[in-house]
$ cat start.txt   # compact mmCIF, C-alpha atoms and all ligand atoms
# COMPACT_ATOMS: atom_id res chain seq x y z
CA MET D 1 68.46 147.25 268.42
CA SER D 2 65.65 149.14 266.75
CA GLY D 3 65.79 149.39 262.99
CA LYS D 4 66.58 145.69 262.81
CA ASN D 5 64.84 143.75 260.06
CA ILE D 6 62.65 140.89 261.19
CA LEU D 7 61.13 138.41 258.75
CA ILE D 8 58.02 136.69 260.03
CA VAL D 9 56.96 133.47 258.31
CA GLU D 10 53.47 132.56 259.49
CA ASP D 11 50.45 131.45 257.48
CA GLU D 12 47.87 132.60 260.04
CA LYS D 13 47.21 136.15 258.97
CA PRO D 14 45.84 137.49 262.30
CA ILE D 15 48.92 136.30 264.19
CA ARG D 16 51.28 137.55 261.47
CA GLU D 17 49.65 140.97 261.45
CA MET D 18 49.51 141.24 265.21
CA VAL D 19 53.21 140.39 265.50
CA GLY D 20 54.09 142.69 262.58
CA PHE D 21 52.15 145.55 264.14
CA SER D 22 53.62 145.24 267.62
CA LEU D 23 57.20 144.80 266.39
CA GLY D 24 56.75 147.74 264.03
CA ARG D 25 55.65 149.89 266.97
CA ALA D 26 58.70 148.72 268.91
CA GLY D 27 60.90 150.14 266.13
CA PHE D 28 61.69 146.99 264.16
CA THR D 29 61.26 146.80 260.40
CA VAL D 30 59.05 143.82 259.68
CA THR D 31 58.62 141.81 256.49
CA GLU D 32 55.76 139.32 256.40
CA ALA D 33 55.67 136.02 254.50
CA GLY D 34 52.62 133.74 254.48
CA ASP D 35 54.39 130.64 253.22
CA ILE D 36 57.79 129.21 252.37
CA SER D 37 57.98 130.45 248.80
CA GLU D 38 57.16 133.98 249.95
CA ALA D 39 59.84 133.59 252.61
CA PHE D 40 62.45 132.72 249.95
CA GLU D 41 61.40 135.71 247.85
CA CYS D 42 61.91 137.98 250.86
CA LEU D 43 65.28 136.38 251.67
CA ALA D 44 66.53 136.86 248.11
CA HIS D 45 65.60 140.52 248.29
CA GLN D 46 67.01 141.34 251.68
CA LEU D 47 68.65 139.32 254.39
CA PRO D 48 66.85 139.95 257.71
CA ASP D 49 68.57 140.27 261.08
CA LEU D 50 66.28 137.61 262.53
CA ILE D 51 63.57 135.21 261.34
CA LEU D 52 60.41 134.36 263.28
CA LEU D 53 59.35 131.03 261.92
CA ASP D 54 56.07 129.29 262.52
CA TRP D 55 56.31 125.57 263.22
CA MET D 56 53.22 124.65 261.19
CA LEU D 57 53.21 126.01 257.65
CA PRO D 58 51.23 124.82 254.62
CA GLY D 59 53.21 122.49 252.37
CA ALA D 60 56.23 122.07 254.59
CA SER D 61 57.01 122.48 258.24
CA GLY D 62 58.85 125.43 259.64
CA LEU D 63 61.29 122.89 260.95
CA GLU D 64 62.26 121.84 257.41
CA LEU D 65 62.69 125.49 256.47
CA ALA D 66 64.91 126.06 259.51
CA ARG D 67 67.13 123.16 258.42
CA ARG D 68 67.37 124.53 254.87
CA LEU D 69 68.24 128.02 256.10
CA LYS D 70 70.97 126.68 258.34
CA ARG D 71 72.48 124.66 255.47
CA ASP D 72 72.56 127.65 253.10
CA GLU D 73 75.70 129.71 253.49
CA LEU D 74 73.77 132.91 252.81
CA THR D 75 71.24 132.43 255.62
CA ARG D 76 73.27 130.28 258.01
CA ASP D 77 74.09 133.11 260.42
CA VAL D 78 70.58 134.59 260.58
CA PRO D 79 69.11 133.72 263.98
CA ILE D 80 65.75 131.92 264.03
CA ILE D 81 63.05 131.95 266.69
CA MET D 82 60.45 129.22 266.16
CA LEU D 83 56.82 129.97 266.94
CA THR D 84 55.05 126.88 268.13
CA ALA D 85 51.60 125.99 269.39
CA ARG D 86 52.99 123.07 271.28
CA GLY D 87 55.10 123.34 274.32
CA GLU D 88 56.40 119.84 274.62
CA GLU D 89 60.00 119.41 275.58
CA GLU D 90 60.57 117.08 272.65
CA ASP D 91 59.54 119.74 270.11
CA LYS D 92 61.79 122.26 271.74
CA VAL D 93 64.75 119.91 271.40
CA THR D 94 63.89 119.11 267.76
CA GLY D 95 63.63 122.81 266.93
CA LEU D 96 66.91 123.66 268.56
CA GLU D 97 68.59 120.72 266.83
CA ALA D 98 67.33 122.00 263.47
CA GLY D 99 69.26 125.17 264.15
CA ALA D 100 66.67 127.43 265.78
CA ASP D 101 68.19 129.81 268.32
CA ASP D 102 65.15 129.94 270.54
CA TYR D 103 61.47 129.18 270.47
CA ILE D 104 58.33 130.71 271.88
CA THR D 105 55.03 128.99 272.56
CA LYS D 106 51.72 130.43 271.34
CA PRO D 107 49.93 132.31 272.70
CA PHE D 108 52.61 134.81 273.63
CA SER D 109 52.46 138.47 274.54
CA PRO D 110 54.13 141.10 272.32
CA ARG D 111 56.30 142.04 275.28
CA GLU D 112 57.49 138.46 275.76
CA LEU D 113 58.27 138.13 272.06
CA GLN D 114 60.23 141.38 272.00
CA ALA D 115 62.27 140.30 275.00
CA ARG D 116 63.17 137.02 273.25
CA ILE D 117 64.04 138.81 270.02
CA ARG D 118 66.31 141.28 271.79
CA ALA D 119 68.04 138.50 273.72
CA VAL D 120 68.69 136.46 270.56
CA LEU D 121 69.88 139.51 268.61
CA ARG D 122 72.27 140.45 271.41
CA ARG D 123 73.71 136.94 271.55
CA SER D 124 74.17 136.71 267.79
CA SER D 125 75.84 140.02 267.14
CA SER D 126 78.91 141.86 268.22
CA GLU D 127 76.85 144.99 268.81
CA ASP D 128 76.21 146.34 272.24
CA GLU D 129 72.75 147.49 273.27
CA SER D 130 73.09 150.93 271.72
CA GLY D 131 73.88 149.46 268.29
CA LEU D 132 77.61 150.17 268.42
CA VAL D 133 80.15 147.80 266.92
CA ARG D 134 83.71 148.43 267.97
CA ILE D 135 86.98 146.89 266.84
CA GLU D 136 90.01 148.56 268.36
CA GLY D 137 89.54 152.30 267.78
CA LEU D 138 87.17 151.82 264.89
CA GLU D 139 83.55 152.35 265.84
CA LEU D 140 80.43 151.88 263.74
CA ASP D 141 76.99 153.00 264.86
CA THR D 142 74.38 150.82 263.15
CA GLU D 143 71.56 153.14 264.19
CA SER D 144 72.88 156.57 263.22
CA HIS D 145 75.07 155.14 260.39
CA ARG D 146 78.13 156.96 261.67
CA VAL D 147 81.68 155.68 261.63
CA SER D 148 84.54 157.04 263.68
CA ALA D 149 88.20 156.14 264.00
CA ASN D 150 89.79 157.07 267.31
CA GLN D 151 86.85 159.44 267.90
CA THR D 152 87.34 161.21 264.56
CA PRO D 153 84.37 160.96 262.19
CA VAL D 154 84.99 158.98 258.99
CA GLU D 155 82.97 159.86 255.89
CA MET D 156 81.99 157.14 253.45
CA GLY D 157 79.28 156.27 250.95
CA PRO D 158 76.26 154.06 251.79
CA THR D 159 77.70 150.97 250.08
CA GLU D 160 81.04 151.33 251.87
CA PHE D 161 79.11 151.68 255.12
CA ARG D 162 77.16 148.46 254.50
CA LEU D 163 80.35 146.67 253.52
CA LEU D 164 82.14 147.85 256.67
CA GLU D 165 79.13 146.97 258.82
CA PHE D 166 79.13 143.45 257.39
CA PHE D 167 82.88 143.04 257.94
CA MET D 168 82.80 144.42 261.48
CA THR D 169 79.95 142.12 262.47
CA HIS D 170 81.74 139.14 260.85
CA PRO D 171 85.39 139.75 261.67
CA GLU D 172 88.30 137.37 261.08
CA ARG D 173 86.52 135.43 258.34
CA VAL D 174 87.29 135.40 254.64
CA TYR D 175 84.48 136.14 252.19
CA SER D 176 84.68 135.67 248.44
CA ARG D 177 83.46 138.42 246.12
CA GLU D 178 80.39 136.32 245.36
CA GLN D 179 79.60 135.90 249.06
CA LEU D 180 80.03 139.63 249.64
CA LEU D 181 77.66 140.36 246.76
CA ASP D 182 75.08 138.02 248.28
CA ARG D 183 75.42 139.38 251.78
CA VAL D 184 75.90 143.09 251.17
CA TRP D 185 74.18 143.72 247.85
CA GLY D 186 71.52 140.97 248.05
CA ARG D 187 71.24 137.77 246.07
CA ASN D 188 68.95 139.35 243.48
CA SER D 189 71.30 142.15 242.57
CA PHE D 190 72.83 142.12 239.13
CA VAL D 191 76.19 143.51 240.04
CA GLU D 192 79.48 142.28 238.65
CA GLU D 193 82.05 140.83 241.00
CA ARG D 194 84.58 143.53 240.23
CA THR D 195 82.14 146.06 241.73
CA VAL D 196 83.17 144.58 245.06
CA ASP D 197 86.80 145.51 244.37
CA VAL D 198 85.78 149.08 243.56
CA HIS D 199 83.96 149.49 246.88
CA ILE D 200 86.74 147.78 248.82
CA LEU D 201 89.15 150.38 247.37
CA ARG D 202 86.82 153.21 248.37
CA LEU D 203 86.42 151.79 251.85
CA ARG D 204 90.19 151.54 252.29
CA LYS D 205 90.56 155.10 251.05
CA ALA D 206 87.98 156.32 253.58
CA LEU D 207 89.81 154.52 256.36
CA SER D 208 93.35 155.37 255.30
CA PRO D 209 93.74 158.70 257.21
CA SER D 210 93.23 156.74 260.44
CA GLY D 211 95.47 153.83 259.41
CA TYR D 212 92.61 151.32 259.74
CA GLU D 213 92.63 150.52 256.00
CA SER D 214 95.07 147.72 256.83
CA MET D 215 92.19 145.90 258.58
CA ILE D 216 90.48 145.38 255.21
CA GLN D 217 92.68 142.62 253.92
CA THR D 218 92.93 140.91 250.56
CA VAL D 219 93.30 137.16 250.85
CA ARG D 220 94.81 135.98 247.58
CA GLY D 221 92.69 133.52 245.68
CA ALA D 222 89.95 133.70 248.32
CA GLY D 223 88.54 137.18 248.79
CA TYR D 224 88.54 139.71 251.59
CA ARG D 225 88.41 139.75 255.36
CA LEU D 226 88.43 142.23 258.19
CA SER D 227 91.09 141.49 260.71
CA SER D 228 92.79 143.46 263.44
CA ARG D 229 95.80 141.14 263.05
CA VAL D 230 98.40 141.79 260.39
CA CA D 301 50.75 128.12 261.16
$ encode --input "start.txt" --output "structure tokens"
Amino acid sequence: MSGKNILIVEDEKPIREMVGFSLGRAGFTVTEAGDISEAFECLAHQLPDLILLDWMLPGASGLELARRLKRDELTRDVPIIMLTARGEEEDKVTGLEAGADDYITKPFSPRELQARIRAVLRRSSSEDESGLVRIEGLELDTESHRVSANQTPVEMGPTEFRLLEFFMTHPERVYSREQLLDRVWGRNSFVEERTVDVHILRLRKALSPSGYESMIQTVRGAGYRLSSRV
């Protein structure tokens, strides 16, 4: 769970810094944004594992941002926890309807926030608590960046690792080259689509001694998917 990237969008600097500091100490990597445009800059650079989103932001409400993020294919799967000063049931419902995964009422303790974050991250990912993702005999450790196939270590480059991590945490879904570039390389990267093909080939090659290369499937006219079915 540690090492996860959290984006906090909060205009009140003392709260933002307090949250950033305590999550940093708990082992999370924290990016801070003071408003919505800063939030979009951060999102274009790197997709976080979770977004902490303040309800009241200058210019637009956090609620509007939550709706936008859930409509955008790139950010749709990123879980959101809303930070709110109000605790009314109606706000909670509105926030959850906008696509937030949970919400926490200010003032909150760092411990309470961490517990919520861990719970949401666990629900939204296929990882277990130790950061392991497993599909059949293929195992990927998101914390130590190790891959093994039937207990035998598999060597691969950093890009192949990120590609495999993305596929294993989003199995049985087809992604186009463009979507893979967005999700694995970042929306701001200036990489050609055929680069994806190159890394897919390398990933298959790394997996081929174990026979798991057949899980990285080409879907004609659509893109690639990871599937344990033939
Ligand atoms: Ca605020």
$ residues_around --input "start.txt" --residues "Leu140 (chain D)" --least-positions-apart "3" --cutoff "12 Å" --atoms "all atoms listed in the file" --output "short mmCIF file (atom, residue, chain, number, x, y, z; two decimals) with C-alpha atoms, in the coordinates of the input"
data_model
loop_
_atom_site.label_atom_id
_atom_site.label_comp_id
_atom_site.auth_asym_id
_atom_site.auth_seq_id
_atom_site.Cartn_x
_atom_site.Cartn_y
_atom_site.Cartn_z
CA SER D 126 78.91 141.86 268.22
CA GLU D 127 76.85 144.99 268.81
CA ASP D 128 76.21 146.34 272.24
CA SER D 130 73.09 150.93 271.72
CA GLY D 131 73.88 149.46 268.29
CA LEU D 132 77.61 150.17 268.42
CA VAL D 133 80.15 147.80 266.92
CA ARG D 134 83.71 148.43 267.97
CA ILE D 135 86.98 146.89 266.84
CA GLU D 136 90.01 148.56 268.36
CA GLY D 137 89.54 152.30 267.78
CA GLU D 143 71.56 153.14 264.19
CA SER D 144 72.88 156.57 263.22
CA HIS D 145 75.07 155.14 260.39
CA ARG D 146 78.13 156.96 261.67
CA VAL D 147 81.68 155.68 261.63
CA SER D 148 84.54 157.04 263.68
CA ALA D 149 88.20 156.14 264.00
CA ASN D 150 89.79 157.07 267.31
CA GLN D 151 86.85 159.44 267.90
CA THR D 152 87.34 161.21 264.56
CA PRO D 153 84.37 160.96 262.19
CA VAL D 154 84.99 158.98 258.99
CA GLU D 155 82.97 159.86 255.89
CA MET D 156 81.99 157.14 253.45
CA GLU D 160 81.04 151.33 251.87
CA PHE D 161 79.11 151.68 255.12
CA ARG D 162 77.16 148.46 254.50
CA LEU D 163 80.35 146.67 253.52
CA LEU D 164 82.14 147.85 256.67
CA GLU D 165 79.13 146.97 258.82
CA PHE D 166 79.13 143.45 257.39
CA PHE D 167 82.88 143.04 257.94
CA MET D 168 82.80 144.42 261.48
CA THR D 169 79.95 142.12 262.47
#
$ residues_near_ligand --input "start.txt" --ligand "ligand CA 301 (chain D)" --cutoff "9 Å" --atoms "all atoms listed in the file" --output "MDAnalysis selection string"
chainID D and resid 9:12 15 34 54:58 61:62 83:85
$ closest_residue --input "start.txt" --among "D:Leu138, D:Leu74, D:Ala119, D:Ile104" --to "Lys92 (chain D)" --atoms "all atoms listed in the file"
D:Ile104
$ residues_around --input "start.txt" --residues "Glu32 (chain D)" --least-positions-apart "6" --cutoff "12 Å" --atoms "all atoms listed in the file" --output "tab-separated table (two decimals) with C-alpha atoms, in the coordinates of the input"
chain	number	residue	atom	x	y	z
D	5	ASN	CA	64.84	143.75	260.06
D	6	ILE	CA	62.65	140.89	261.19
D	7	LEU	CA	61.13	138.41	258.75
D	8	ILE	CA	58.02	136.69	260.03
D	9	VAL	CA	56.96	133.47	258.31
D	10	GLU	CA	53.47	132.56	259.49
D	11	ASP	CA	50.45	131.45	257.48
D	12	GLU	CA	47.87	132.60	260.04
D	13	LYS	CA	47.21	136.15	258.97
D	14	PRO	CA	45.84	137.49	262.30
D	15	ILE	CA	48.92	136.30	264.19
D	16	ARG	CA	51.28	137.55	261.47
D	17	GLU	CA	49.65	140.97	261.45
D	18	MET	CA	49.51	141.24	265.21
D	19	VAL	CA	53.21	140.39	265.50
D	20	GLY	CA	54.09	142.69	262.58
D	21	PHE	CA	52.15	145.55	264.14
D	23	LEU	CA	57.20	144.80	266.39
D	24	GLY	CA	56.75	147.74	264.03
D	38	GLU	CA	57.16	133.98	249.95
D	39	ALA	CA	59.84	133.59	252.61
D	40	PHE	CA	62.45	132.72	249.95
D	41	GLU	CA	61.40	135.71	247.85
D	42	CYS	CA	61.91	137.98	250.86
D	43	LEU	CA	65.28	136.38	251.67
D	48	PRO	CA	66.85	139.95	257.71
D	51	ILE	CA	63.57	135.21	261.34
D	52	LEU	CA	60.41	134.36	263.28
D	53	LEU	CA	59.35	131.03	261.92
D	54	ASP	CA	56.07	129.29	262.52
$ axis_aligned_box --input "start.txt" --around "region 204-212 of chain D" --padding-each-side "6 Å" --output "lines of an AutoDock Vina configuration file"
center_x = 91.7
center_y = 155.0
center_z = 255.7
size_x = 19.5
size_y = 19.4
size_z = 21.4
